[in-house]
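Contents: one structure, followed by commentary.
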2 protein chains.
Amino acid sequence: MQSLRLSPAHLKRYLPVLTWAKTYNRETASSDMLAAVIVTIMLIPQSLAYALLAGLPAEMGLYASILPLVAYAIFGTSRALAVGPVAVVSLMTAAAIGNLGLSDPAQIALAAGTLAFISGVILTVLGFMRLGFLANFLSHPVIAGFITASGVLIAASQLKHILGVDAHGHTLVQVVGSLLSNLGDTSLATLIIGLAATGFLFWVRKGLKPMLIGMGLKPRLSDIIAKAGPVAAVAVTTLAVWTFGLQDKGVQIVGAVPTGLPPLTLPSLSPDLWSQLFLSAVLISVIGFVESVSVAQTLAAKKRQRIEPDQELIGLGASNVAAAVSGGYPVTGGFARSVVNFDAGAETPAAGAFTAVGIAIAALLLTPLLFFLPKATLAATIIVAVLSLVDFSVLRKSWTYSKVDFTAVAATIFLTLGFGVEVGVSAGVLISIGLHLYKTSRPHVAEVGLVPATQHFRNILRHKVETQPQLVTLRVDESLYFANARFLEDYVLNRIACDQPIKHIVLMFAAVNEVDMSALETLEELNRRLGETGIKMHLSEVKGPVMDRLKRSHFLEELTGHVYLSQYDAWKALTTSAEGGSETDAA
Amino acid sequence: MQSLRLSPAHLKRYLPVLTWAKTYNRETASSDMLAAVIVTIMLIPQSLAYALLAGLPAEMGLYASILPLVAYAIFGTSRALAVGPVAVVSLMTAAAIGNLGLSDPAQIALAAGTLAFISGVILTVLGFMRLGFLANFLSHPVIAGFITASGVLIAASQLKHILGVDAHGHTLVQVVGSLLSNLGDTSLATLIIGLAATGFLFWVRKGLKPMLIGMGLKPRLSDIIAKAGPVAAVAVTTLAVWTFGLQDKGVQIVGAVPTGLPPLTLPSLSPDLWSQLFLSAVLISVIGFVESVSVAQTLAAKKRQRIEPDQELIGLGASNVAAAVSGGYPVTGGFARSVVNFDAGAETPAAGAFTAVGIAIAALLLTPLLFFLPKATLAATIIVAVLSLVDFSVLRKSWTYSKVDFTAVAATIFLTLGFGVEVGVSAGVLISIGLHLYKTSRPHVAEVGLVPATQHFRNILRHKVETQPQLVTLRVDESLYFANARFLEDYVLNRIACDQPIKHIVLMFAAVNEVDMSALETLEELNRRLGETGIKMHLSEVKGPVMDRLKRSHFLEELTGHVYLSQYDAWKALTTSAEGGSETDAA
């Protein structure tokens, strides 16, 4: 194990804090602290709201925003990433725990902590094994479709708090059906608070900043004030409930939130629970990692910094383990919050640690004030936040660009809405891979001819080119492997079936990056069959790695024709002499 | 549904019998009949033996060799394929039915028939949907490894009949362990019969034909006599049991086999049974189809005929449905038997129908004679037949050619032996696909330079080429898609990090056959980042289909550099002027 040799270089790699802490000074600290204040103001209502979304007590949101941020500050490589509870992962946590069918709150909290722990272990192990590239198998269209559909699901799931009714379910049909059937129970007081908070937050997001700037405030200050919108909504609606005793008029409130720092908690080690949660933990890890890395990379690029995806896995893994042992639930780097952190001037991961201090102070001092906080306000916070994630334009964009990508997006959106987040994202990955394999299993093969007065060969159907009756050149536009080798064979055999005078087939391999063993056997078979009908098979422009591979088999000895360095060499040799030129080696 | 419009052309496509029956004459019929006689002689002991291997009563082997052959003669496209019970599919049937844990023989027979029915439905549906290409996802190394491991498993599973002991299990460890623990029960009489029959059959296979030829017989006649070897073994050992009353000395015999034509049977329609058998039926269908199509294609090619894979699916589907309704179990085209059929002169699928008549006569007349047939003789028949399938040389071949292919073979062999046929073949497919994705997720990227005095560009590490300090040309040797797009981005960003004077990056796209939406977004991002550091990004040798795709996005408008028809154009433009030549279109 590399990781066990703790040389200074290893320590630095696995503890990025050692790198940036050396040059840490008062100036950086004041930048980080300002950013931390702004993020803390934003995070207090968000952390409570996301805990609600995950089906957990509000304080678990706060707990998930303290120790995990410290862990990321030590192990993470992004200088602006703000770790904590996020919407999509909270929804996935709700789905994972919903699968267990628990009703005891203590059991639910234990399951949430265990989910964070398993997820943390998975992320850390993937990081040490340098398997960060696995996240690339989630294609962009699938991620976009998944995030959009999750946003819709989340917003729909929060409508119950706005209406003050009961509703359950992990799919759009379940949630909406459940809402409609309970619509009669709508609480008017709740609805008023919910709609007012939602309307206010939308206005804060869209209209407040331009208005403040119009009033002469500096853009930066206007921005900070706008970020405090949710806190204002929380304060005003809490006050309203307290003043008018709305909790007795059907308005659901957060109620007693324990005061104090996070408790020390231990994840369950029950093999049953682990096996029930494992698949969900894998999905949460992957989605959380992808979301986190993409925002971290975007922000790093703006300052010409680089992040290290494999170390990010370790950073996020440590955060989740920290969440598990301190009463939290799965966390990751949030998009909106990280952008705010960056814009507010965060320069090092210490900003995250300062945020943790802010949340800890809130947990010590502010929790009594949260008693009368209406759940409708938190739901409004969530709805306004997630609707910015919803972007159906990816459907139009992918439709224009490629029907295959469109299929992947549309299927992911449909399946996420119709069957829940876990089915949606798993199916999205499988569909992407399936469609990719399907595409490569029917490779593009073009018959090419010489562009006059050049040495270039182009598709005879797209360009005016010279051809020769006895010579057919086929450019193979795909690596040859088990799934498509037979297709090429059929293509060639059908091509020679139509034309009598063909004496030479040249397979132009400029785009063939690989020939696996199945394809090799198919080529050998094709060579043999062409040979039996008196047609010689040649190759041209074979790449170095492919040629190295072919030399290790008997194929080149058995080949009836030659291998030409360039297609032009093949053309010259096979048009001037009847039997082809001298054998040449490949590139 | 195309298939519902029964125009004459459709009828001909779906009923190949209409094509060949038109020109059928006395001469073809006599060739087919001779082949049928030889195949019948070979098939009688084989069908009994394979039923035994599948854990079914002997007569089910005979029944599976009558109606299914007639169905294939009507719907199949191969002129030489001999359909019926085969070793690997029989082993897979045993595994599938073993999973159910049944003990009632009637239930077992019903399950076997239902398995054939489900498999028949799957094959037929795949055929109508023209999904025959799906079989290509079984790579050659996986098939070779699977067949070899199955051969070992089958031979091991038959040792119990040679020893006359009890043994069970679907993995090599189970079978061998079970054999060893019961070794004390070995029946001497059985062992003598078993070893004698095995030795005799090996000698018939290797030594008899040369000896007969040496004695002056014609090769063809010698061949036919050698094929009758198993029948001789059956006759002699049956006679020996009857004469010496060996059934009372521990020799297990076939016992009463019902006389008469196959009964009409109906598959179970129980959803429970279907869901338990479905996955096994899928695997049996795929393996059966692959085995059958590969032998059919090999034999068709020898006579310049073509087979139609999608219609083959329908032909095999009809055979399995026929097996299900006539007391049989899953069937497919057998390798050895088809070769015999071909060599014996079969000219049309009618040879199969004649074989069916032969087996029907055997079922009517010969079954009383089978009472004293020792199971050890049948086991010897199986062992000798399957050991010819075992070929570990694929391990050596794939090791030389490609470690990735070797991994797939070795894993398939190991998992089939260690966890049974179903796990083995499923894992083989998944491993092949996984390794393929892994390979393409780390594409080969080569930095290239100009081969002096030519217009060709080659890898700077492999060839003496000209380069320019301000110009880096990277040849991308893989299609760009979600799994590898980020890899390219990292590669380019790392490349420019080392070198200061770079002004132009040319991505040579001659081998890029596809750019999916994820890759497009990555290229846009790369273009933007390079632009921010003052480096222009250019493309060269972009293929037609890729260019068409790129034109549908905004990428070409945002590209900081140009797209060059050829890499040489890019070289000329970017070395002579500082800012690059005129924009040209791509091929």
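Each chain of the structure tokens is named A, B, ... in the order shown, its residues numbered from 1; ligands are numbered from 1 in display order.
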
**Message:** For Val384 in chain A, find every residue with an atom within 8 Å (counting only C-alpha atoms), except residues of its own chain fewer than 5 positions away, and show them as a list in words.
**Reply:** Thr198, Leu201 and Phe202 of chain A

**Message:** Which of range 432-508 of chain A end up as strand (DSSP E or B) when DSSP is run on this backbone - answer as a list in words?
**Reply:**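 Selection result, strand (DSSP E or B) within range 432-508 of chain A: Val445, Ala446, Glu447, Val448, Gly449, Leu450, Phe457, Arg458, Asn459, Glu466, Gln468, Leu471, Val472, Thr473, Leu474, Arg475, Val476, Leu480, His504, Ile505, Val506, Leu507 and Met508 of chain A.
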
**Asked** So, counting only C-alpha atoms, which residue among B:Pro368, B:Pro443, B:Pro501, B:Gly145 is closest to chain A?
**Response** B:Pro443

Within 6 Å of chain A, which residues of chain B show up? Give each one with its shortest atom-to-atom distance in Å (one decimal) and the two atoms involved, counting only C-alpha atoms, rows by chain then rising residue number, as a Markdown table.
| residue | atom | partner | partner_atom | distance |
| --- | --- | --- | --- | --- |
| B:Asn136 | CA | A:Ala483 | CA | 4.9 |
| B:Phe137 | CA | A:Ala483 | CA | 4.9 |
| B:Ser139 | CA | A:Phe482 | CA | 4.9 |
| B:His140 | CA | A:Ser518 | CA | 4.9 |
| B:Tyr401 | CA | A:Arg552 | CA | 5.8 |
| B:Asp477 | CA | A:Asn513 | CA | 5.6 |
| B:Phe482 | CA | A:Ser139 | CA | 4.9 |
| B:Ala483 | CA | A:Asn136 | CA | 4.8 |
| B:Ala511 | CA | A:Ala511 | CA | 3.7 |
| B:Asn513 | CA | A:Asp477 | CA | 5.6 |
| B:Ser518 | CA | A:His140 | CA | 4.9 |
| B:Arg552 | CA | A:Tyr401 | CA | 5.9 |

**Request:** Please identify which residues in range 339-540 of chain B DSSP calls alpha helix (DSSP H) from the backbone, and express them as JSON, numbers by chain.
**Result:** {"B": [339, 340, 341, 342, 343, 350, 351, 352, 353, 354, 355, 356, 357, 358, 359, 360, 361, 362, 363, 364, 365, 375, 376, 377, 378, 379, 380, 381, 382, 383, 384, 385, 386, 387, 393, 394, 395, 396, 397, 398, 399, 400, 401, 403, 404, 405, 406, 407, 408, 409, 410, 411, 412, 413, 414, 415, 416, 417, 418, 419, 421, 422, 423, 424, 425, 426, 427, 428, 429, 430, 431, 432, 433, 434, 435, 436, 437, 438, 439, 440, 441, 485, 486, 487, 488, 489, 490, 491, 492, 493, 494, 495, 496, 497, 498, 517, 518, 519, 520, 521, 522, 523, 524, 525, 526, 527, 528, 529, 530, 531, 532]}

**Item:** Contacts of range 77-80 of chain A within 10 Å, only C-alpha atoms, excl. fewer than 3 positions in-chain, as number ranges by chain
**Value:** A: 13-17, 19-20, 32, 35, 72-74, 83, 292-293, 295-297, 299-300, 303, 305-315, 333, 337-352

**Prompt:** Taking only C-alpha atoms into account, which of A:Asn320, A:Thr575, A:Asn182, A:Ser268 comes nearest Val89 in chain A?
**Reply:** A:Asn320

Can you list, as a PDB file with N, CA and C atoms, in the first residue's frame, every protein, DNA or RNA residue that comes within 6 Å of range 116-119 of chain A when you count only C-alpha atoms, leaving out same-chain residues fewer than 3 positions away?
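Below you can see result-v6.pdb, which holds the result:
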ATOM      1  N   GLY A 113     -26.887   8.306   9.561  1.00  0.00           N
ATOM      2  CA  GLY A 113     -25.468   8.383   9.906  1.00  0.00           C
ATOM      3  C   GLY A 113     -24.691   7.233   9.285  1.00  0.00           C
ATOM      4  N   ILE A 122     -16.689   4.389   1.023  1.00  0.00           N
ATOM      5  CA  ILE A 122     -16.609   4.142  -0.423  1.00  0.00           C
ATOM      6  C   ILE A 122     -15.768   5.221  -1.101  1.00  0.00           C
ATOM      7  N   ALA A 281     -25.719   3.994  -1.034  1.00  0.00           N
ATOM      8  CA  ALA A 281     -24.504   4.716  -0.665  1.00  0.00           C
ATOM      9  C   ALA A 281     -23.594   4.890  -1.883  1.00  0.00           C
ATOM     10  N   SER A 285     -22.597   8.460  -3.283  1.00  0.00           N
ATOM     11  CA  SER A 285     -21.181   8.803  -3.412  1.00  0.00           C
ATOM     12  C   SER A 285     -20.874   9.324  -4.805  1.00  0.00           C
ATOM     13  N   ASN A 320     -17.721  12.819   4.955  1.00  0.00           N
ATOM     14  CA  ASN A 320     -18.869  11.968   5.242  1.00  0.00           C
ATOM     15  C   ASN A 320     -18.643  11.122   6.485  1.00  0.00           C
ATOM     16  N   VAL A 321     -17.424  10.667   6.684  1.00  0.00           N
ATOM     17  CA  VAL A 321     -17.131   9.945   7.914  1.00  0.00           C
ATOM     18  C   VAL A 321     -17.317  10.896   9.100  1.00  0.00           C
ATOM     19  N   ALA A 324     -20.849  11.216   9.854  1.00  0.00           N
ATOM     20  CA  ALA A 324     -21.385  10.012  10.496  1.00  0.00           C
ATOM     21  C   ALA A 324     -21.098   9.992  12.002  1.00  0.00           C
ATOM     22  N   TYR A 329     -25.575  13.596   8.349  1.00  0.00           N
ATOM     23  CA  TYR A 329     -26.000  12.676   7.288  1.00  0.00           C
ATOM     24  C   TYR A 329     -25.213  13.030   6.036  1.00  0.00           C
ATOM     25  N   PRO A 330     -25.359  12.280   4.925  1.00  0.00           N
ATOM     26  CA  PRO A 330     -24.444  12.475   3.791  1.00  0.00           C
ATOM     27  C   PRO A 330     -24.337  13.919   3.307  1.00  0.00           C
TER      28      PRO A 330
END

**Message:** Neighbouring residues of range 59-65 of chain A were defined as those with any atom within 9 Å, considering only C-alpha atoms; residues of the same chain fewer than 4 positions away were excluded. Please report them as a ChimeraX atom specification.
**Reply:** /A:43-44,46-52,69,83-85,109,257-259,261-263,319-320,322-324,326-331,355-356,359-360,362-363,367

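Considering only C-alpha atoms, the residue among A:Pro230, A:Gly184, A:Gly76, A:Gly420 positioned nearest to Val204 in chain A is A:Pro230.
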
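Residue nearest Ala149 in chain A within the list A:Pro452, A:Gly428, A:Gly317, A:Gly132: A:Gly428 [criterion: smallest interatomic distance, only C-alpha atoms].
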
**Request:** Excluding Ala376 in chain A and residues on its chain fewer than 5 positions from it, collect all residues at most 7 Å away from it, counting only C-alpha atoms, and give them as an NGL selection string.
**Result:** :A and (161-162 or 190 or 193-194)

Output for the residues just chosen: N, CA and C atoms as a PDB file, in the first residue's frame:
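Final output, part20.pdb:
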ATOM      1  N   HIS A 161     -45.523  20.981   2.407  1.00  0.00           N
ATOM      2  CA  HIS A 161     -45.273  21.893   3.519  1.00  0.00           C
ATOM      3  C   HIS A 161     -45.886  23.266   3.253  1.00  0.00           C
ATOM      4  N   ILE A 162     -45.913  23.642   1.963  1.00  0.00           N
ATOM      5  CA  ILE A 162     -46.519  24.931   1.607  1.00  0.00           C
ATOM      6  C   ILE A 162     -48.033  24.870   1.838  1.00  0.00           C
ATOM      7  N   THR A 190     -50.950  28.121   6.874  1.00  0.00           N
ATOM      8  CA  THR A 190     -49.705  27.595   6.311  1.00  0.00           C
ATOM      9  C   THR A 190     -49.525  28.078   4.878  1.00  0.00           C
ATOM     10  N   ILE A 193     -48.348  31.682   4.723  1.00  0.00           N
ATOM     11  CA  ILE A 193     -46.925  31.801   5.051  1.00  0.00           C
ATOM     12  C   ILE A 193     -46.074  31.237   3.916  1.00  0.00           C
ATOM     13  N   GLY A 194     -46.448  30.060   3.415  1.00  0.00           N
ATOM     14  CA  GLY A 194     -45.666  29.391   2.377  1.00  0.00           C
ATOM     15  C   GLY A 194     -45.589  30.230   1.113  1.00  0.00           C
TER      16      GLY A 194
END
